[in-house]
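Next comes work35.txt, with compact mmCIF, N, CA and C atoms.
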# COMPACT_ATOMS: atom_id res chain seq x y z
N MET B 591 55.10 71.62 29.46
CA MET B 591 54.30 70.70 30.23
C MET B 591 53.01 71.42 30.62
N ARG B 592 51.92 70.78 30.36
CA ARG B 592 50.63 71.36 30.75
C ARG B 592 50.46 71.30 32.26
N GLU B 593 49.76 72.28 32.79
CA GLU B 593 49.52 72.34 34.23
C GLU B 593 48.03 72.36 34.52
N PHE B 594 47.66 71.70 35.60
CA PHE B 594 46.29 71.71 36.09
C PHE B 594 46.35 71.88 37.60
N SER B 595 45.44 72.67 38.12
CA SER B 595 45.36 72.81 39.58
C SER B 595 44.71 71.55 40.15
N THR B 596 44.82 71.38 41.45
CA THR B 596 44.17 70.22 42.08
C THR B 596 42.66 70.30 41.91
N VAL B 597 42.12 71.51 41.90
CA VAL B 597 40.68 71.67 41.67
C VAL B 597 40.32 71.22 40.25
N GLU B 598 41.12 71.66 39.27
CA GLU B 598 40.87 71.23 37.88
C GLU B 598 41.02 69.72 37.75
N LEU B 599 41.97 69.16 38.47
CA LEU B 599 42.17 67.71 38.41
C LEU B 599 40.90 66.98 38.83
N THR B 600 40.29 67.42 39.92
CA THR B 600 39.08 66.75 40.38
C THR B 600 37.91 66.98 39.42
N GLN B 601 37.87 68.14 38.78
CA GLN B 601 36.78 68.45 37.86
C GLN B 601 36.95 67.81 36.49
N LYS B 602 38.21 67.61 36.06
CA LYS B 602 38.50 67.14 34.71
C LYS B 602 39.39 65.90 34.72
N ILE B 603 39.16 64.99 35.65
CA ILE B 603 40.06 63.85 35.82
C ILE B 603 40.24 63.06 34.52
N GLY B 604 39.18 62.90 33.74
CA GLY B 604 39.28 62.17 32.48
C GLY B 604 40.19 62.86 31.48
N ASP B 605 40.04 64.17 31.34
CA ASP B 605 40.87 64.92 30.40
C ASP B 605 42.34 64.91 30.84
N VAL B 606 42.56 65.08 32.15
CA VAL B 606 43.93 65.15 32.66
C VAL B 606 44.62 63.80 32.50
N THR B 607 43.95 62.72 32.84
CA THR B 607 44.58 61.40 32.71
C THR B 607 44.79 61.03 31.25
N HIS B 608 43.88 61.45 30.39
CA HIS B 608 44.05 61.20 28.94
C HIS B 608 45.31 61.91 28.44
N LEU B 609 45.51 63.14 28.84
CA LEU B 609 46.70 63.89 28.44
C LEU B 609 47.96 63.27 29.06
N ALA B 610 47.87 62.82 30.31
CA ALA B 610 49.03 62.25 31.00
C ALA B 610 49.49 60.95 30.35
N ARG B 611 48.63 60.29 29.60
CA ARG B 611 49.07 59.09 28.87
C ARG B 611 50.06 59.45 27.77
N ARG B 612 49.97 60.69 27.27
CA ARG B 612 50.82 61.12 26.16
C ARG B 612 52.04 61.91 26.62
N GLU B 613 51.91 62.64 27.73
CA GLU B 613 53.01 63.46 28.23
C GLU B 613 52.80 63.75 29.71
N PRO B 614 53.88 63.97 30.45
CA PRO B 614 53.73 64.31 31.87
C PRO B 614 52.91 65.60 32.05
N VAL B 615 52.15 65.63 33.12
CA VAL B 615 51.28 66.77 33.43
C VAL B 615 51.62 67.25 34.83
N ALA B 616 51.80 68.55 35.01
CA ALA B 616 52.07 69.12 36.33
C ALA B 616 50.76 69.40 37.04
N ILE B 617 50.71 69.05 38.31
CA ILE B 617 49.55 69.34 39.16
C ILE B 617 49.99 70.41 40.15
N THR B 618 49.25 71.51 40.19
CA THR B 618 49.64 72.64 41.03
C THR B 618 48.75 72.76 42.26
N GLN B 619 49.34 73.30 43.30
CA GLN B 619 48.61 73.70 44.50
C GLN B 619 49.04 75.11 44.83
N HIS B 620 48.08 75.97 45.03
CA HIS B 620 48.37 77.38 45.32
C HIS B 620 49.28 77.97 44.24
N ARG B 621 49.00 77.61 42.99
CA ARG B 621 49.70 78.11 41.80
C ARG B 621 51.16 77.68 41.68
N LYS B 622 51.57 76.70 42.46
CA LYS B 622 52.94 76.19 42.38
C LYS B 622 52.91 74.72 41.99
N PRO B 623 53.77 74.30 41.06
CA PRO B 623 53.81 72.88 40.70
C PRO B 623 54.21 72.04 41.91
N ARG B 624 53.41 71.01 42.20
CA ARG B 624 53.68 70.16 43.37
C ARG B 624 53.83 68.69 43.01
N PHE B 625 53.18 68.26 41.92
CA PHE B 625 53.17 66.85 41.55
C PHE B 625 53.29 66.72 40.04
N VAL B 626 53.67 65.53 39.59
CA VAL B 626 53.68 65.23 38.16
C VAL B 626 52.89 63.95 37.96
N LEU B 627 51.96 63.99 37.04
CA LEU B 627 51.18 62.82 36.68
C LEU B 627 51.67 62.36 35.32
N MET B 628 52.05 61.08 35.23
CA MET B 628 52.58 60.56 33.97
C MET B 628 52.15 59.11 33.81
N SER B 629 52.31 58.61 32.60
CA SER B 629 51.97 57.22 32.34
C SER B 629 52.92 56.31 33.10
N ILE B 630 52.46 55.13 33.39
CA ILE B 630 53.30 54.15 34.09
C ILE B 630 54.52 53.80 33.24
N GLU B 631 54.37 53.80 31.93
CA GLU B 631 55.49 53.49 31.04
C GLU B 631 56.60 54.54 31.18
N ASP B 632 56.20 55.82 31.21
CA ASP B 632 57.19 56.89 31.40
C ASP B 632 57.87 56.77 32.76
N TYR B 633 57.08 56.47 33.78
CA TYR B 633 57.64 56.32 35.12
C TYR B 633 58.64 55.16 35.17
N GLU B 634 58.25 54.02 34.62
CA GLU B 634 59.14 52.85 34.62
C GLU B 634 60.42 53.12 33.84
N ARG B 635 60.32 53.87 32.76
CA ARG B 635 61.51 54.24 31.99
C ARG B 635 62.45 55.09 32.85
N LEU B 636 61.91 56.01 33.61
CA LEU B 636 62.73 56.84 34.51
C LEU B 636 63.39 55.99 35.60
N VAL B 637 62.65 55.08 36.16
CA VAL B 637 63.18 54.24 37.24
C VAL B 637 64.28 53.33 36.71
N ARG B 638 64.11 52.80 35.50
CA ARG B 638 65.13 51.91 34.93
C ARG B 638 66.46 52.61 34.73
N ARG B 639 66.42 53.90 34.43
CA ARG B 639 67.67 54.66 34.27
C ARG B 639 68.49 54.65 35.53
N GLY B 640 67.83 54.61 36.66
CA GLY B 640 68.54 54.59 37.94
C GLY B 640 69.01 55.97 38.36
N ASP B 641 69.44 56.03 39.56
CA ASP B 641 69.94 57.28 40.14
C ASP B 641 71.44 57.34 39.89
N THR B 642 71.88 58.29 39.09
CA THR B 642 73.29 58.39 38.74
C THR B 642 74.05 59.37 39.63
N ARG B 643 73.36 59.92 40.64
CA ARG B 643 74.05 60.85 41.54
C ARG B 643 75.09 60.09 42.35
N GLN B 644 76.14 60.78 42.71
CA GLN B 644 77.20 60.18 43.52
C GLN B 644 77.50 61.10 44.68
N ALA B 645 78.00 60.51 45.74
CA ALA B 645 78.38 61.29 46.93
C ALA B 645 79.77 60.87 47.36
N TRP B 646 80.52 61.84 47.89
CA TRP B 646 81.86 61.57 48.38
C TRP B 646 82.04 62.23 49.73
N THR B 647 83.03 61.76 50.43
CA THR B 647 83.45 62.44 51.66
C THR B 647 84.64 63.32 51.28
N SER B 648 85.07 64.17 52.19
CA SER B 648 86.21 65.03 51.89
C SER B 648 87.48 64.20 51.66
N ASP B 649 87.50 62.97 52.15
CA ASP B 649 88.67 62.11 51.98
C ASP B 649 88.77 61.48 50.58
N ASN B 650 87.63 61.30 49.92
CA ASN B 650 87.69 60.58 48.65
C ASN B 650 87.07 61.32 47.46
N VAL B 651 86.87 62.63 47.59
CA VAL B 651 86.32 63.42 46.48
C VAL B 651 87.34 63.44 45.33
N PRO B 652 86.89 63.27 44.08
CA PRO B 652 87.82 63.31 42.94
C PRO B 652 88.54 64.66 42.87
N ASP B 653 89.80 64.62 42.43
CA ASP B 653 90.62 65.83 42.39
C ASP B 653 90.00 66.95 41.58
N ASP B 654 89.42 66.63 40.40
CA ASP B 654 88.85 67.69 39.57
C ASP B 654 87.66 68.37 40.26
N LEU B 655 86.86 67.58 40.97
CA LEU B 655 85.73 68.16 41.70
C LEU B 655 86.22 68.97 42.89
N ALA B 656 87.24 68.49 43.57
CA ALA B 656 87.82 69.23 44.69
C ALA B 656 88.35 70.58 44.23
N ASP B 657 88.98 70.59 43.05
CA ASP B 657 89.49 71.85 42.50
C ASP B 657 88.35 72.83 42.21
N GLU B 658 87.25 72.32 41.64
CA GLU B 658 86.09 73.17 41.36
C GLU B 658 85.51 73.75 42.64
N ILE B 659 85.41 72.92 43.66
CA ILE B 659 84.86 73.38 44.95
C ILE B 659 85.78 74.44 45.55
N GLU B 660 87.07 74.19 45.51
CA GLU B 660 88.03 75.15 46.06
C GLU B 660 87.96 76.49 45.33
N THR B 661 87.86 76.46 44.01
CA THR B 661 87.75 77.69 43.22
C THR B 661 86.46 78.44 43.58
N ALA B 662 85.36 77.71 43.67
CA ALA B 662 84.08 78.34 44.01
C ALA B 662 84.13 78.97 45.40
N LEU B 663 84.77 78.31 46.34
CA LEU B 663 84.89 78.87 47.69
C LEU B 663 85.73 80.14 47.70
N LYS B 664 86.80 80.15 46.92
CA LYS B 664 87.64 81.35 46.85
C LYS B 664 86.86 82.53 46.26
N VAL B 665 86.06 82.25 45.23
CA VAL B 665 85.24 83.30 44.63
C VAL B 665 84.22 83.81 45.65
N TYR B 666 83.61 82.90 46.37
CA TYR B 666 82.62 83.27 47.38
C TYR B 666 83.26 84.10 48.51
N GLU B 667 84.43 83.69 48.94
CA GLU B 667 85.11 84.42 50.02
C GLU B 667 85.56 85.81 49.59
N ALA B 668 85.83 85.98 48.30
CA ALA B 668 86.32 87.27 47.79
C ALA B 668 85.20 88.29 47.65
N LYS B 669 83.96 87.85 47.65
CA LYS B 669 82.83 88.77 47.51
C LYS B 669 82.65 89.57 48.79
N PRO B 670 82.38 90.88 48.63
CA PRO B 670 82.18 91.74 49.83
C PRO B 670 80.90 91.41 50.58
Would you give me this structure, written as structure tokens?
Amino acid sequence: MREFSTVELTQKIGDVTHLARREPVAITQHRKPRFVLMSIEDYERLVRRGDTRQAWTSDNVPDDLADEIETALKVYEAKP
């Protein structure tokens, strides 16, 4: 992914938006990626996929996930 600083964005807005039509572009502040500029089509495609994350309480977590968590905790507790 190409990166442009916020200063470059203001100086080269035409070039950056032209590139963002073809692929997502990272916008950096203080040399760290902070934003992504992308075409509306790419954004809409992401939104249509929906959020597939799930959350559980300790009462209803699936057994296989509970086993993984328990194993990870045991490994963590065993570390000096």
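Proximity to Glu593 of chain B at 6 Å, evaluated using only C-alpha atoms and with sequence-adjacent residues fewer than 6 positions away removed, yields Val615, Ala616 and Ile617 of chain B.
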Taking the chain letters and numbering used in this document, name the residues of chain B that DSSP puts in alpha helix (DSSP H), as a ChimeraX atom specification. /B:596-601,603-610,630-639,653-668
As a list in words, please: every residue in chain B that a backbone DSSP assignment puts in strand (DSSP E).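 In chain B, DSSP puts these residues in strand (DSSP E): Arg592, Glu593, Phe594, Ser595, Val615, Ala616, Ile617, Thr618, Gln619, Lys622, Pro623, Arg624, Phe625, Val626 and Leu627 of chain B.
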For the residues in that selection, give me N, CA and C atoms as a PDB file, in the coordinates of the input.
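What follows is the written file result.pdb:
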ATOM      1  N   ARG B 592      51.920  70.780  30.360  1.00  0.00           N
ATOM      2  CA  ARG B 592      50.630  71.360  30.750  1.00  0.00           C
ATOM      3  C   ARG B 592      50.460  71.300  32.260  1.00  0.00           C
ATOM      4  N   GLU B 593      49.760  72.280  32.790  1.00  0.00           N
ATOM      5  CA  GLU B 593      49.520  72.340  34.230  1.00  0.00           C
ATOM      6  C   GLU B 593      48.030  72.360  34.520  1.00  0.00           C
ATOM      7  N   PHE B 594      47.660  71.700  35.600  1.00  0.00           N
ATOM      8  CA  PHE B 594      46.290  71.710  36.090  1.00  0.00           C
ATOM      9  C   PHE B 594      46.350  71.880  37.600  1.00  0.00           C
ATOM     10  N   SER B 595      45.440  72.670  38.120  1.00  0.00           N
ATOM     11  CA  SER B 595      45.360  72.810  39.580  1.00  0.00           C
ATOM     12  C   SER B 595      44.710  71.550  40.150  1.00  0.00           C
ATOM     13  N   VAL B 615      52.150  65.630  33.120  1.00  0.00           N
ATOM     14  CA  VAL B 615      51.280  66.770  33.430  1.00  0.00           C
ATOM     15  C   VAL B 615      51.620  67.250  34.830  1.00  0.00           C
ATOM     16  N   ALA B 616      51.800  68.550  35.010  1.00  0.00           N
ATOM     17  CA  ALA B 616      52.070  69.120  36.330  1.00  0.00           C
ATOM     18  C   ALA B 616      50.760  69.400  37.040  1.00  0.00           C
ATOM     19  N   ILE B 617      50.710  69.050  38.310  1.00  0.00           N
ATOM     20  CA  ILE B 617      49.550  69.340  39.160  1.00  0.00           C
ATOM     21  C   ILE B 617      49.990  70.410  40.150  1.00  0.00           C
ATOM     22  N   THR B 618      49.250  71.510  40.190  1.00  0.00           N
ATOM     23  CA  THR B 618      49.640  72.640  41.030  1.00  0.00           C
ATOM     24  C   THR B 618      48.750  72.760  42.260  1.00  0.00           C
ATOM     25  N   GLN B 619      49.340  73.300  43.300  1.00  0.00           N
ATOM     26  CA  GLN B 619      48.610  73.700  44.500  1.00  0.00           C
ATOM     27  C   GLN B 619      49.040  75.110  44.830  1.00  0.00           C
ATOM     28  N   LYS B 622      51.570  76.700  42.460  1.00  0.00           N
ATOM     29  CA  LYS B 622      52.940  76.190  42.380  1.00  0.00           C
ATOM     30  C   LYS B 622      52.910  74.720  41.990  1.00  0.00           C
ATOM     31  N   PRO B 623      53.770  74.300  41.060  1.00  0.00           N
ATOM     32  CA  PRO B 623      53.810  72.880  40.700  1.00  0.00           C
ATOM     33  C   PRO B 623      54.210  72.040  41.910  1.00  0.00           C
ATOM     34  N   ARG B 624      53.410  71.010  42.200  1.00  0.00           N
ATOM     35  CA  ARG B 624      53.680  70.160  43.370  1.00  0.00           C
ATOM     36  C   ARG B 624      53.830  68.690  43.010  1.00  0.00           C
ATOM     37  N   PHE B 625      53.180  68.260  41.920  1.00  0.00           N
ATOM     38  CA  PHE B 625      53.170  66.850  41.550  1.00  0.00           C
ATOM     39  C   PHE B 625      53.290  66.720  40.040  1.00  0.00           C
ATOM     40  N   VAL B 626      53.670  65.530  39.590  1.00  0.00           N
ATOM     41  CA  VAL B 626      53.680  65.230  38.160  1.00  0.00           C
ATOM     42  C   VAL B 626      52.890  63.950  37.960  1.00  0.00           C
ATOM     43  N   LEU B 627      51.960  63.990  37.040  1.00  0.00           N
ATOM     44  CA  LEU B 627      51.180  62.820  36.680  1.00  0.00           C
ATOM     45  C   LEU B 627      51.670  62.360  35.320  1.00  0.00           C
TER      46      LEU B 627
END
Enclose segment 591-601 of chain B, meaning all of its atoms listed in the file, in a box aligned along x, y and z, pad it by 3 Å on each side, and list the centre and edge lengths in Å to one decimal, as lines of an AutoDock Vina configuration file.
center_x = 45.9
center_y = 69.8
center_z = 35.8
size_x = 24.3
size_y = 12.1
size_z = 18.6
Ranking B:Met591, B:Pro670, B:Lys602, B:Ile659 by minimum distance to Val626 of chain B and counting only C-alpha atoms, which one comes first?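 Nearest to Val626 of chain B: B:Met591.
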Nearest residue to Leu609 of chain B out of B:Gly640, B:Leu627, B:Ala645, B:Glu667, using all atoms listed in the file?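 That would be B:Leu627, the residue with the smallest distance to Leu609 of chain B.
If you measure from each of B:Leu663, B:Ser595, B:Val651, B:Lys669 to Lys622 of chain B using only N, CA and C atoms, the closest one turns out to be B:Ser595.
Rounded to one decimal, atom N of His608 of chain B and atom C of His620 of chain B lie 22.2 Å from each other.
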